[in-house]
Amino acid sequence: MTERILFSKIDLLHTTEMGVERIRKNLKIDTNDVVEYCKQKILNKKCIVYRRGKNWYCEIDDIIITVNSHSYTIITAHKLKK
């Protein structure tokens, strides 16, 4: 249950201005608070969270959110290809 580490640091989650625009574009969402949107997805009980190398990957609702495991920066989010 290593994802508990991410959950315990969820308030540290943030992204850059470029990250906000990239996530909005990739997910085709129109929200003012991209970070809060991602937090809610990550905290959803159906979200599958795993770590590979320096990043956390959070999969839910056909999307994947990538978070740096050291800085808690949301790097990107995109729709999963089927």
# chains A, B, ... in the order shown; residues from 1 in each chain; ligands from 1
>>> select_by_dssp(residues="chain A", states="alpha helix (DSSP H)", output="JSON, numbers by chain")
{"A": [3, 4, 5, 6, 7, 8, 17, 18, 19, 20, 21, 22, 23, 24, 25, 26, 27, 34, 35, 36, 37, 38, 39, 40, 41, 42, 43]}
>>> write_last_selection(atoms="N, CA, C and O atoms", output="short mmCIF file (atom, residue, chain, number, x, y, z; two decimals), in the first residue's frame")
data_model
loop_
_atom_site.label_atom_id
_atom_site.label_comp_id
_atom_site.auth_asym_id
_atom_site.auth_seq_id
_atom_site.Cartn_x
_atom_site.Cartn_y
_atom_site.Cartn_z
N GLU A 3 0.78 3.58 -2.01
CA GLU A 3 0.03 4.77 -2.41
C GLU A 3 -0.36 5.63 -1.22
O GLU A 3 -0.64 6.82 -1.36
N ARG A 4 -0.33 5.06 -0.02
CA ARG A 4 -0.64 5.85 1.18
C ARG A 4 0.34 7.00 1.35
O ARG A 4 0.00 8.03 1.91
N ILE A 5 1.55 6.82 0.87
CA ILE A 5 2.54 7.91 0.91
C ILE A 5 2.02 9.10 0.11
O ILE A 5 2.03 10.23 0.58
N LEU A 6 1.54 8.82 -1.10
CA LEU A 6 0.99 9.90 -1.93
C LEU A 6 -0.24 10.51 -1.26
O LEU A 6 -0.37 11.74 -1.20
N PHE A 7 -1.13 9.68 -0.74
CA PHE A 7 -2.34 10.20 -0.10
C PHE A 7 -2.01 11.09 1.10
O PHE A 7 -2.65 12.10 1.33
N SER A 8 -0.98 10.72 1.86
CA SER A 8 -0.61 11.50 3.04
C SER A 8 -0.01 12.85 2.68
O SER A 8 0.02 13.76 3.51
N GLU A 17 2.11 26.60 -14.46
CA GLU A 17 1.15 27.20 -15.38
C GLU A 17 1.07 26.40 -16.68
O GLU A 17 -0.01 26.16 -17.21
N MET A 18 2.24 25.97 -17.16
CA MET A 18 2.27 25.14 -18.37
C MET A 18 1.57 23.81 -18.13
O MET A 18 0.88 23.29 -19.01
N GLY A 19 1.73 23.26 -16.93
CA GLY A 19 1.08 22.01 -16.56
C GLY A 19 -0.43 22.14 -16.58
O GLY A 19 -1.13 21.26 -17.06
N VAL A 20 -0.93 23.25 -16.07
CA VAL A 20 -2.38 23.51 -16.05
C VAL A 20 -2.93 23.46 -17.47
O VAL A 20 -3.91 22.77 -17.76
N GLU A 21 -2.28 24.19 -18.37
CA GLU A 21 -2.75 24.24 -19.76
C GLU A 21 -2.63 22.88 -20.44
O GLU A 21 -3.53 22.46 -21.17
N ARG A 22 -1.53 22.17 -20.19
CA ARG A 22 -1.32 20.85 -20.79
C ARG A 22 -2.40 19.87 -20.34
O ARG A 22 -2.99 19.14 -21.14
N ILE A 23 -2.71 19.88 -19.04
CA ILE A 23 -3.71 18.97 -18.49
C ILE A 23 -5.10 19.30 -19.03
O ILE A 23 -5.85 18.42 -19.44
N ARG A 24 -5.44 20.58 -19.05
CA ARG A 24 -6.75 21.00 -19.60
C ARG A 24 -6.90 20.52 -21.05
O ARG A 24 -7.94 20.00 -21.43
N LYS A 25 -5.86 20.73 -21.83
CA LYS A 25 -5.89 20.36 -23.24
C LYS A 25 -5.97 18.84 -23.41
O LYS A 25 -6.81 18.33 -24.17
N ASN A 26 -5.12 18.12 -22.70
CA ASN A 26 -5.07 16.66 -22.85
C ASN A 26 -6.37 15.97 -22.41
O ASN A 26 -6.78 14.99 -23.01
N LEU A 27 -6.97 16.48 -21.34
CA LEU A 27 -8.19 15.86 -20.81
C LEU A 27 -9.46 16.49 -21.36
O LEU A 27 -10.56 16.02 -21.08
N VAL A 34 -7.33 22.91 -11.81
CA VAL A 34 -6.85 21.63 -12.33
C VAL A 34 -6.28 20.77 -11.21
O VAL A 34 -6.47 19.55 -11.18
N VAL A 35 -5.58 21.39 -10.26
CA VAL A 35 -4.98 20.64 -9.16
C VAL A 35 -6.06 19.97 -8.33
O VAL A 35 -5.97 18.78 -7.99
N GLU A 36 -7.12 20.68 -8.00
CA GLU A 36 -8.22 20.10 -7.23
C GLU A 36 -8.90 18.98 -8.02
O GLU A 36 -9.25 17.95 -7.45
N TYR A 37 -9.07 19.18 -9.30
CA TYR A 37 -9.65 18.15 -10.16
C TYR A 37 -8.81 16.86 -10.06
O TYR A 37 -9.35 15.78 -9.86
N CYS A 38 -7.49 17.00 -10.18
CA CYS A 38 -6.60 15.84 -10.10
C CYS A 38 -6.61 15.21 -8.71
O CYS A 38 -6.63 13.98 -8.58
N LYS A 39 -6.65 16.03 -7.67
CA LYS A 39 -6.70 15.50 -6.29
C LYS A 39 -7.92 14.62 -6.11
O LYS A 39 -7.83 13.53 -5.55
N GLN A 40 -9.07 15.10 -6.58
CA GLN A 40 -10.31 14.33 -6.42
C GLN A 40 -10.24 13.01 -7.18
O GLN A 40 -10.72 11.98 -6.68
N LYS A 41 -9.64 13.02 -8.35
CA LYS A 41 -9.48 11.78 -9.12
C LYS A 41 -8.56 10.81 -8.37
O LYS A 41 -8.85 9.62 -8.25
N ILE A 42 -7.44 11.32 -7.85
CA ILE A 42 -6.46 10.48 -7.15
C ILE A 42 -7.06 9.88 -5.88
O ILE A 42 -6.80 8.72 -5.55
N LEU A 43 -7.86 10.65 -5.16
CA LEU A 43 -8.43 10.18 -3.90
C LEU A 43 -9.64 9.26 -4.08
O LEU A 43 -10.08 8.63 -3.12
#
>>> residues_around(residues="His70 of chain A", least_positions_apart="5", cutoff="10 Å", atoms="only C-alpha atoms", output="mmCIF file with C-alpha atoms, in the first residue's frame")
data_model
loop_
_atom_site.group_PDB
_atom_site.id
_atom_site.type_symbol
_atom_site.label_atom_id
_atom_site.label_comp_id
_atom_site.auth_asym_id
_atom_site.auth_seq_id
_atom_site.Cartn_x
_atom_site.Cartn_y
_atom_site.Cartn_z
ATOM 1 C CA LYS A 54 10.575 8.831 -9.776
ATOM 2 C CA ASN A 55 6.874 9.134 -10.625
ATOM 3 C CA TRP A 56 3.476 8.153 -9.272
#
>>> residues_around(residues="Leu13 of chain A", least_positions_apart="2", cutoff="6 Å", atoms="only C-alpha atoms", output="ChimeraX atom specification")
/A:10-11,72-73
>>> select_by_dssp(residues="chain A", states="strand (DSSP E or B)", output="ChimeraX atom specification")
/A:14,48-52,55-60,63-68,73-79
>>> closest_residue(among="A:Thr2, A:Ser71, A:Thr15, A:Asn32", to="Arg52 of chain A", atoms="only C-alpha atoms")
A:Thr2
>>> closest_residue(among="A:Arg51, A:His14, A:Lys28, A:Lys46", to="Ser69 of chain A", atoms="only C-alpha atoms")
A:Arg51
>>> closest_residue(among="A:Ile75, A:Leu80, A:Ile65, A:Ile29", to="Thr16 of chain A", atoms="only C-alpha atoms")
A:Ile75
>>> closest_residue(among="A:Ala77, A:Val67, A:Ile60, A:Cys47", to="Lys9 of chain A", atoms="only C-alpha atoms")
A:Val67
